[in-house]
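S.K.: This is the structure, below, for whatever I ask next.
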There are 2 protein chains.
Amino acid sequence: MMKWTELKYETSSEAVEAVANIFMEAGANGVAIEDALDLENYADDGTGKYIDKENFDFIKEGAYVMSYFPETMYLPEILPTIQHRLEELPQFGLSLGANRLTYQDVSEEDWAEAWKKYYKPTPITRFLTIVPEWVDYEPKHEDERIVRLDPGMAFGTGGHPTTRLTLQALETIIHGGEKMYDVGTGSGILSIVSKMYGATDITGFDVDDVAVERAQENVALNPEVGTIPMYPNDLLTGVEEPADIIVANILADIILRMIEDAYRLVKDNGYFVVSGIIESKKEEIVSAIEGVGFTLDQTFQQKDWYAFIFQKVVE
Amino acid sequence: MMKWTELKYETSSEAVEAVANIFMEAGANGVAIEDALDLENYADDGTGKYIDKENFDFIKEGAYVMSYFPETMYLPEILPTIQHRLEELPQFGLSLGANRLTYQDVSEEDWAEAWKKYYKPTPITRFLTIVPEWVDYEPKHEDERIVRLDPGMAFGTGGHPTTRLTLQALETIIHGGEKMYDVGTGSGILSIVSKMYGATDITGFDVDDVAVERAQENVALNPEVGTIPMYPNDLLTGVEEPADIIVANILADIILRMIEDAYRLVKDNGYFVVSGIIESKKEEIVSAIEGVGFTLDQTFQQKDWYAFIFQKVVE
């Protein structure tokens, strides 16, 4: 059985996706996130709880990011890079929180269990529940759609506020037939749900080759949506064809780099949906996106996280 | 043909529901609202526009509230009361806007046309479109549900942000089988949609007898939801049975009066959904509702309007 090194970083909720990204770029084979915020959305479904909060051993504040490196990788070689990049996070307005980095050896089995225990069925709306691939789950009523996800390997499990809010935003604007770009597709969840909701022509992009592969594996877990083309790409660089909707559930500072491209590519009266925005970045993001000509249509908020629907209003 | 007097008040968007309420309590047989904000949500549906904004004669800012009194009512008798109550609105934090009250005689036919022209099919989410009773409309895809409404006579057309945001909030928390109270039911739209979404035991309340009647007429326009009991009542006064969800899409100052009752009646881990909250009242409402023990779960915002999902979290 293969041995792995688990690198665990105790940090703040707002930094989890950036930290996970640093680990993946450093060569981790998988990332698991244990975020106090996630527990928020493993909600009571009216007929019983998905998680018994009292007996479930879950952190109450802050977050852990666990990453898994094969034993073939020599940790002393990659650790300095990781530490250096973690130290840069406050420059992006992200609090380091507890800021404690530890590691231990784990077996393949332990690793699989480690992250599986954190992902449970997560109801997003009446019409959508995200279900980990290994969980046996039947819809509770005829309106409930199930999206299957193997979330351990990439970001976007449905439990985190940013994913949840983005899915709710998409649910309000997708009416069928849309052409769409999903920038920073991560687990692929936004593309999969959008296709299920009737968007017909979706392309996913992620800067990370591994994420693109994982996203495709998740698409395959939901055969009813068919295929969704996804490519490694630096945001919207080189993209030429206009779209009805561009969605980006990434960090504020990265979104800032793609605003001009988004405005160029969104069709008249089309939408730019952005998420992954923490409270402290809210004003900057809204004013920058309004600055290129978009109009803020709607805001979705949970805890310190925001998702926005902007429209390219043309009267 | 019957003659009517149309009383028209030019005011601010934030005051429309309060003004409409004043007219109804003064004995108006119907109220029509022309709100610059409404136009926001008569959105392009991807295949064509519901309203051609360029050629549609619609106000660009502020709002008109038109009310219709039968010629049998002697206007000089009721006008002083109306004027007095309008003057009180700033005490409730509502801007009077243009603050211009005018009247004219109209025929029954003119009245019907006057308000019908303002209500168009309004998409709320992919799963819900509000359609005026007299409009011939077919769902555009299999997920789209239609709720029929005769909105001219009471509040809540789907076009206004407060109604739209409340419906989106309910869509995220109704999973089937819920017991629910709809306080200030108005047009009945929240009850009708909630029943359609699987809440099984809904009771609607409105302080206004006429609203209760109108709401029942709207329930009847949607025979698939069956019956929904609705009663005239002062908020939650006298209500004893606990509920999973209490929703109140009314004004902030009125919501403040029912917070203790809401906390008493919402079951553990149940929800209190409030809407009709303008920007300037946001902090006060959130702190008052958190003050009795609720936890803010999610915020929905459009323009200056907010809807909140609070939960009675019991660990």
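Labels for the structure tokens follow display order: chains A, B, ..., residues from 1 in each chain, ligands from 1.
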As a ChimeraX atom specification, please: every residue in range 63-285 of chain A that DSSP puts in helix (DSSP H, G or I).

M.R.: /A:75-92,108-116,151-153,161-173,189-196,209-220,223-225,252-265,279-285

S.K.: Select residues of chain B: the criterion is any atom within 6 Å of an atom of chain A, counting only C-alpha atoms; output as a ChimeraX atom specification.

M.R.: /B:125-126,171-172,174-175,298-302

S.K.: Can I have chain B aligned to chain A? Use a least-squares fit on all Cα atoms paired in order and write it out as a short mmCIF file (atom, residue, chain, number, x, y, z; two decimals) with C-alpha atoms, in the first residue's frame.

M.R.:
data_model
loop_
_atom_site.label_atom_id
_atom_site.label_comp_id
_atom_site.auth_asym_id
_atom_site.auth_seq_id
_atom_site.Cartn_x
_atom_site.Cartn_y
_atom_site.Cartn_z
CA MET B 1 -0.11 -0.03 0.02
CA MET B 2 1.18 3.39 -0.89
CA LYS B 3 2.33 5.78 1.80
CA TRP B 4 1.49 9.46 1.72
CA THR B 5 2.58 12.53 3.59
CA GLU B 6 -0.25 14.64 4.90
CA LEU B 7 0.65 18.31 5.14
CA LYS B 8 -1.85 20.13 7.32
CA TYR B 9 -2.18 23.88 7.54
CA GLU B 10 -4.36 25.57 10.16
CA THR B 11 -5.57 28.86 8.77
CA SER B 12 -8.59 31.15 8.37
CA SER B 13 -11.76 30.34 6.44
CA GLU B 14 -11.06 33.09 3.94
CA ALA B 15 -7.67 31.63 3.00
CA VAL B 16 -8.66 28.01 2.35
CA GLU B 17 -8.96 28.13 -1.40
CA ALA B 18 -5.73 30.04 -1.85
CA VAL B 19 -3.93 27.63 0.48
CA ALA B 20 -5.36 24.63 -1.33
CA ASN B 21 -4.15 26.16 -4.56
CA ILE B 22 -0.63 26.54 -3.18
CA PHE B 23 -0.58 22.88 -2.15
CA MET B 24 -1.87 21.70 -5.52
CA GLU B 25 0.69 23.78 -7.38
CA ALA B 26 3.40 22.34 -5.14
CA GLY B 27 2.42 18.91 -6.41
CA ALA B 28 -0.15 17.59 -3.94
CA ASN B 29 -2.24 14.74 -5.28
CA GLY B 30 -5.27 15.82 -3.34
CA VAL B 31 -6.52 18.45 -0.95
CA ALA B 32 -9.10 18.21 1.80
CA ILE B 33 -10.58 21.22 3.49
CA GLU B 34 -12.07 21.24 6.95
CA ASP B 35 -13.70 24.62 7.32
CA ALA B 36 -15.87 25.66 10.24
CA LEU B 37 -18.07 27.38 7.63
CA ASP B 38 -18.74 24.14 5.77
CA LEU B 39 -20.69 22.76 8.65
CA GLU B 40 -23.15 25.63 8.26
CA ASN B 41 -24.58 24.10 5.14
CA TYR B 42 -24.87 20.48 6.12
CA ALA B 43 -28.33 21.48 7.07
CA ASP B 44 -31.20 19.74 8.66
CA ASP B 45 -33.30 18.58 5.74
CA GLY B 46 -36.55 18.51 7.70
CA THR B 47 -36.55 14.75 8.03
CA GLY B 48 -33.24 14.34 9.82
CA LYS B 49 -29.77 15.77 9.93
CA TYR B 50 -26.99 14.94 7.56
CA ILE B 51 -24.58 15.48 10.38
CA ASP B 52 -25.20 15.22 14.05
CA LYS B 53 -23.39 18.42 14.95
CA GLU B 54 -23.08 17.50 18.59
CA ASN B 55 -21.25 14.24 18.05
CA PHE B 56 -19.39 15.19 14.93
CA ASP B 57 -15.81 16.12 15.56
CA PHE B 58 -15.56 19.30 13.50
CA ILE B 59 -13.63 22.50 14.05
CA LYS B 60 -15.68 25.37 15.37
CA GLU B 61 -13.71 28.24 13.85
CA GLY B 62 -11.04 28.76 11.23
CA ALA B 63 -10.09 26.01 8.83
CA TYR B 64 -7.64 23.20 8.14
CA VAL B 65 -6.29 22.50 4.71
CA MET B 66 -4.86 19.01 4.37
CA SER B 67 -2.83 18.08 1.32
CA TYR B 68 -1.47 14.71 0.32
CA PHE B 69 1.91 14.12 -1.25
CA PRO B 70 3.13 10.71 -2.44
CA GLU B 71 6.13 9.35 -0.56
CA THR B 72 8.10 9.64 -3.78
CA MET B 73 8.15 13.41 -3.30
CA TYR B 74 10.87 14.65 -1.00
CA LEU B 75 9.19 17.05 1.41
CA PRO B 76 12.26 19.11 2.48
CA GLU B 77 12.53 20.13 -1.16
CA ILE B 78 9.03 21.53 -1.57
CA LEU B 79 8.39 22.85 1.96
CA PRO B 80 10.35 26.12 1.58
CA THR B 81 8.34 27.06 -1.53
CA ILE B 82 5.08 26.30 0.24
CA GLN B 83 6.08 28.28 3.32
CA HIS B 84 7.20 31.21 1.21
CA ARG B 85 3.91 31.31 -0.70
CA LEU B 86 1.84 31.01 2.48
CA GLU B 87 3.70 33.99 3.91
CA GLU B 88 2.62 36.02 0.89
CA LEU B 89 -1.11 35.50 1.48
CA PRO B 90 -1.60 38.56 3.72
CA GLN B 91 -0.51 40.67 0.74
CA PHE B 92 -3.70 39.47 -0.94
CA GLY B 93 -5.77 40.50 2.04
CA LEU B 94 -6.12 36.94 3.36
CA SER B 95 -5.66 36.37 7.05
CA LEU B 96 -3.40 33.47 7.93
CA GLY B 97 -5.47 32.60 11.00
CA ALA B 98 -3.77 30.07 13.29
CA ASN B 99 -0.94 29.80 10.71
CA ARG B 100 0.31 26.36 11.84
CA LEU B 101 1.88 23.92 9.37
CA THR B 102 2.34 20.28 10.42
CA TYR B 103 2.85 16.98 8.65
CA GLN B 104 2.53 13.29 9.24
CA ASP B 105 2.75 10.06 7.29
CA VAL B 106 -0.54 8.43 6.44
CA SER B 107 -1.54 5.31 4.56
CA GLU B 108 -3.63 5.45 1.40
CA GLU B 109 -6.56 4.17 3.40
CA ASP B 110 -6.20 6.87 6.05
CA TRP B 111 -6.03 9.54 3.40
CA ALA B 112 -9.18 8.34 1.69
CA GLU B 113 -11.01 8.25 5.01
CA ALA B 114 -9.61 11.58 6.12
CA TRP B 115 -11.31 13.56 3.44
CA LYS B 116 -14.33 11.38 2.86
CA LYS B 117 -15.53 12.05 6.35
CA TYR B 118 -15.87 15.76 5.62
CA TYR B 119 -18.09 15.56 2.57
CA LYS B 120 -21.77 14.85 3.07
CA PRO B 121 -24.85 15.44 0.92
CA THR B 122 -25.36 19.21 0.83
CA PRO B 123 -28.71 20.74 -0.13
CA ILE B 124 -28.19 23.94 -2.11
CA THR B 125 -31.82 24.72 -2.97
CA ARG B 126 -35.01 22.72 -3.25
CA PHE B 127 -33.88 21.79 -6.76
CA LEU B 128 -30.28 20.82 -6.11
CA THR B 129 -28.31 18.63 -3.74
CA ILE B 130 -24.59 17.93 -4.08
CA VAL B 131 -23.80 14.34 -3.20
CA PRO B 132 -20.31 12.85 -2.75
CA GLU B 133 -19.76 10.08 -5.23
CA TRP B 134 -19.44 7.36 -2.59
CA VAL B 135 -22.63 8.18 -0.68
CA ASP B 136 -25.78 6.21 -1.31
CA TYR B 137 -28.46 8.87 -1.65
CA GLU B 138 -31.95 8.99 -3.10
CA PRO B 139 -33.75 12.25 -3.94
CA LYS B 140 -36.31 13.08 -1.25
CA HIS B 141 -38.87 14.48 -3.69
CA GLU B 142 -39.41 14.80 -7.43
CA ASP B 143 -37.91 18.31 -7.71
CA GLU B 144 -34.59 17.39 -6.13
CA ARG B 145 -31.75 16.91 -8.57
CA ILE B 146 -28.60 15.19 -7.56
CA VAL B 147 -25.15 16.18 -8.72
CA ARG B 148 -22.49 13.58 -7.96
CA LEU B 149 -19.07 14.82 -7.04
CA ASP B 150 -15.74 13.38 -6.04
CA PRO B 151 -14.78 16.54 -4.22
CA GLY B 152 -11.63 15.45 -2.46
CA MET B 153 -9.33 16.32 -5.28
CA ALA B 154 -10.33 19.86 -6.19
CA PHE B 155 -12.27 22.85 -4.91
CA GLY B 156 -15.97 23.36 -4.81
CA THR B 157 -17.85 20.88 -2.69
CA GLY B 158 -21.12 22.70 -2.33
CA GLY B 159 -20.64 23.00 1.39
CA HIS B 160 -18.63 26.18 1.21
CA PRO B 161 -20.60 29.43 1.04
CA THR B 162 -18.89 30.59 -2.16
CA THR B 163 -19.99 27.54 -4.10
CA ARG B 164 -23.45 27.54 -2.60
CA LEU B 165 -24.06 31.23 -3.36
CA THR B 166 -22.76 30.88 -6.91
CA LEU B 167 -25.10 27.97 -7.56
CA GLN B 168 -28.04 29.98 -6.22
CA ALA B 169 -27.06 32.90 -8.45
CA LEU B 170 -26.85 30.66 -11.51
CA GLU B 171 -30.25 29.19 -10.66
CA THR B 172 -31.80 32.65 -10.94
CA ILE B 173 -30.33 33.50 -14.37
CA ILE B 174 -30.06 30.28 -16.38
CA HIS B 175 -33.22 29.84 -18.42
CA GLY B 176 -31.91 27.52 -21.12
CA GLY B 177 -29.80 27.75 -24.28
CA GLU B 178 -27.02 29.88 -22.81
CA LYS B 179 -23.41 29.93 -23.92
CA MET B 180 -21.22 30.12 -20.83
CA TYR B 181 -17.62 30.21 -19.59
CA ASP B 182 -16.74 28.77 -16.19
CA VAL B 183 -13.44 30.37 -15.22
CA GLY B 184 -11.46 28.49 -12.58
CA THR B 185 -13.76 25.52 -12.83
CA GLY B 186 -12.10 23.61 -9.97
CA SER B 187 -14.25 20.57 -9.27
CA GLY B 188 -16.35 21.42 -12.33
CA ILE B 189 -19.47 21.74 -10.20
CA LEU B 190 -20.68 25.05 -11.67
CA SER B 191 -20.40 23.72 -15.21
CA ILE B 192 -22.15 20.48 -14.35
CA VAL B 193 -25.08 22.19 -12.64
CA SER B 194 -25.37 24.83 -15.38
CA LYS B 195 -25.56 22.14 -18.04
CA MET B 196 -28.20 20.38 -15.97
CA TYR B 197 -30.10 23.71 -15.76
CA GLY B 198 -30.18 24.07 -19.52
CA ALA B 199 -27.10 26.06 -20.51
CA THR B 200 -26.19 24.35 -23.77
CA ASP B 201 -22.69 25.49 -24.60
CA ILE B 202 -20.33 25.57 -21.62
CA THR B 203 -16.55 25.73 -21.60
CA GLY B 204 -14.58 25.34 -18.38
CA PHE B 205 -11.13 26.78 -17.78
CA ASP B 206 -8.66 26.22 -14.99
CA VAL B 207 -5.07 27.32 -14.71
CA ASP B 208 -4.34 23.97 -13.12
CA ASP B 209 -4.09 20.89 -15.39
CA VAL B 210 -4.94 18.61 -12.51
CA ALA B 211 -8.15 20.53 -11.76
CA VAL B 212 -9.19 20.20 -15.40
CA GLU B 213 -8.70 16.43 -15.20
CA ARG B 214 -10.62 16.18 -11.94
CA ALA B 215 -13.43 18.31 -13.28
CA GLN B 216 -13.73 15.98 -16.26
CA GLU B 217 -13.90 13.01 -13.89
CA ASN B 218 -16.76 14.77 -12.07
CA VAL B 219 -18.53 15.43 -15.37
CA ALA B 220 -18.30 11.71 -16.04
CA LEU B 221 -19.96 11.00 -12.67
CA ASN B 222 -23.06 12.79 -14.03
CA PRO B 223 -23.56 11.12 -17.40
CA GLU B 224 -26.93 12.83 -17.99
CA VAL B 225 -25.18 16.15 -18.65
CA GLY B 226 -23.09 14.72 -21.49
CA THR B 227 -19.68 16.18 -22.23
CA ILE B 228 -18.36 19.61 -21.23
CA PRO B 229 -15.17 20.85 -22.89
CA MET B 230 -12.61 22.07 -20.34
CA TYR B 231 -9.13 23.39 -20.94
CA PRO B 232 -6.16 24.61 -18.95
CA ASN B 233 -6.09 28.37 -19.49
CA ASP B 234 -5.01 31.57 -17.77
CA LEU B 235 -8.44 33.05 -17.00
CA LEU B 236 -9.99 34.32 -20.28
CA THR B 237 -6.74 34.93 -22.12
CA GLY B 238 -7.13 34.25 -25.82
CA VAL B 239 -10.88 33.63 -25.63
CA GLU B 240 -12.68 35.35 -28.50
CA GLU B 241 -16.25 34.13 -28.78
CA PRO B 242 -18.91 36.13 -26.86
CA ALA B 243 -20.97 34.37 -24.17
CA ASP B 244 -24.27 34.92 -22.39
CA ILE B 245 -22.82 34.14 -18.97
CA ILE B 246 -19.32 34.18 -17.53
CA VAL B 247 -18.97 32.77 -14.04
CA ALA B 248 -15.88 32.97 -11.86
CA ASN B 249 -15.88 31.51 -8.36
CA ILE B 250 -12.29 32.34 -7.51
CA LEU B 251 -10.57 34.89 -5.32
CA ALA B 252 -11.20 38.62 -5.56
CA ASP B 253 -7.65 39.45 -6.55
CA ILE B 254 -7.75 36.99 -9.42
CA ILE B 255 -11.16 38.21 -10.56
CA LEU B 256 -9.76 41.73 -10.76
CA ARG B 257 -7.37 40.50 -13.46
CA MET B 258 -10.15 39.26 -15.75
CA ILE B 259 -12.71 42.08 -15.58
CA GLU B 260 -11.82 43.76 -18.86
CA ASP B 261 -11.88 40.41 -20.67
CA ALA B 262 -15.23 39.57 -19.10
CA TYR B 263 -16.77 42.83 -20.28
CA ARG B 264 -15.35 42.31 -23.77
CA LEU B 265 -16.80 38.79 -23.98
CA VAL B 266 -20.21 39.06 -22.28
CA LYS B 267 -22.99 39.71 -24.80
CA ASP B 268 -25.33 42.68 -24.42
CA ASN B 269 -27.64 42.08 -21.44
CA GLY B 270 -25.57 39.01 -20.55
CA TYR B 271 -24.23 38.24 -17.07
CA PHE B 272 -20.95 38.16 -15.19
CA VAL B 273 -21.31 36.14 -11.99
CA VAL B 274 -18.46 36.44 -9.52
CA SER B 275 -17.94 34.69 -6.21
CA GLY B 276 -15.21 33.90 -3.74
CA ILE B 277 -15.39 37.48 -2.49
CA ILE B 278 -14.74 38.14 1.19
CA GLU B 279 -16.25 41.09 3.05
CA SER B 280 -13.03 43.10 3.00
CA LYS B 281 -12.79 42.87 -0.80
CA LYS B 282 -16.45 43.57 -1.53
CA GLU B 283 -16.30 47.31 -2.22
CA GLU B 284 -13.18 47.02 -4.34
CA ILE B 285 -14.64 44.28 -6.53
CA VAL B 286 -18.01 45.98 -7.02
CA SER B 287 -16.48 49.32 -7.93
CA ALA B 288 -13.93 47.74 -10.27
CA ILE B 289 -16.57 45.69 -12.10
CA GLU B 290 -19.00 48.60 -12.29
CA GLY B 291 -16.04 50.65 -13.48
CA VAL B 292 -15.74 48.73 -16.74
CA GLY B 293 -19.45 49.11 -17.46
CA PHE B 294 -21.30 46.28 -15.72
CA THR B 295 -24.35 46.97 -13.54
CA LEU B 296 -24.75 45.18 -10.22
CA ASP B 297 -27.99 43.22 -10.41
CA GLN B 298 -28.07 41.05 -7.30
CA THR B 299 -26.02 40.11 -4.25
CA PHE B 300 -25.99 36.80 -2.38
CA GLN B 301 -24.31 36.71 1.00
CA GLN B 302 -23.53 34.09 3.61
CA LYS B 303 -21.28 34.89 6.55
CA ASP B 304 -18.34 36.91 5.22
CA TRP B 305 -18.75 35.63 1.67
CA TYR B 306 -20.42 37.29 -1.30
CA ALA B 307 -21.51 36.29 -4.78
CA PHE B 308 -22.62 38.96 -7.25
CA ILE B 309 -24.63 38.92 -10.44
CA PHE B 310 -23.51 41.72 -12.74
CA GLN B 311 -25.27 42.48 -15.99
CA LYS B 312 -23.96 44.17 -19.12
CA VAL B 313 -27.05 46.31 -19.37
CA VAL B 314 -27.60 47.80 -22.81
CA GLU B 315 -30.75 49.88 -23.07
#
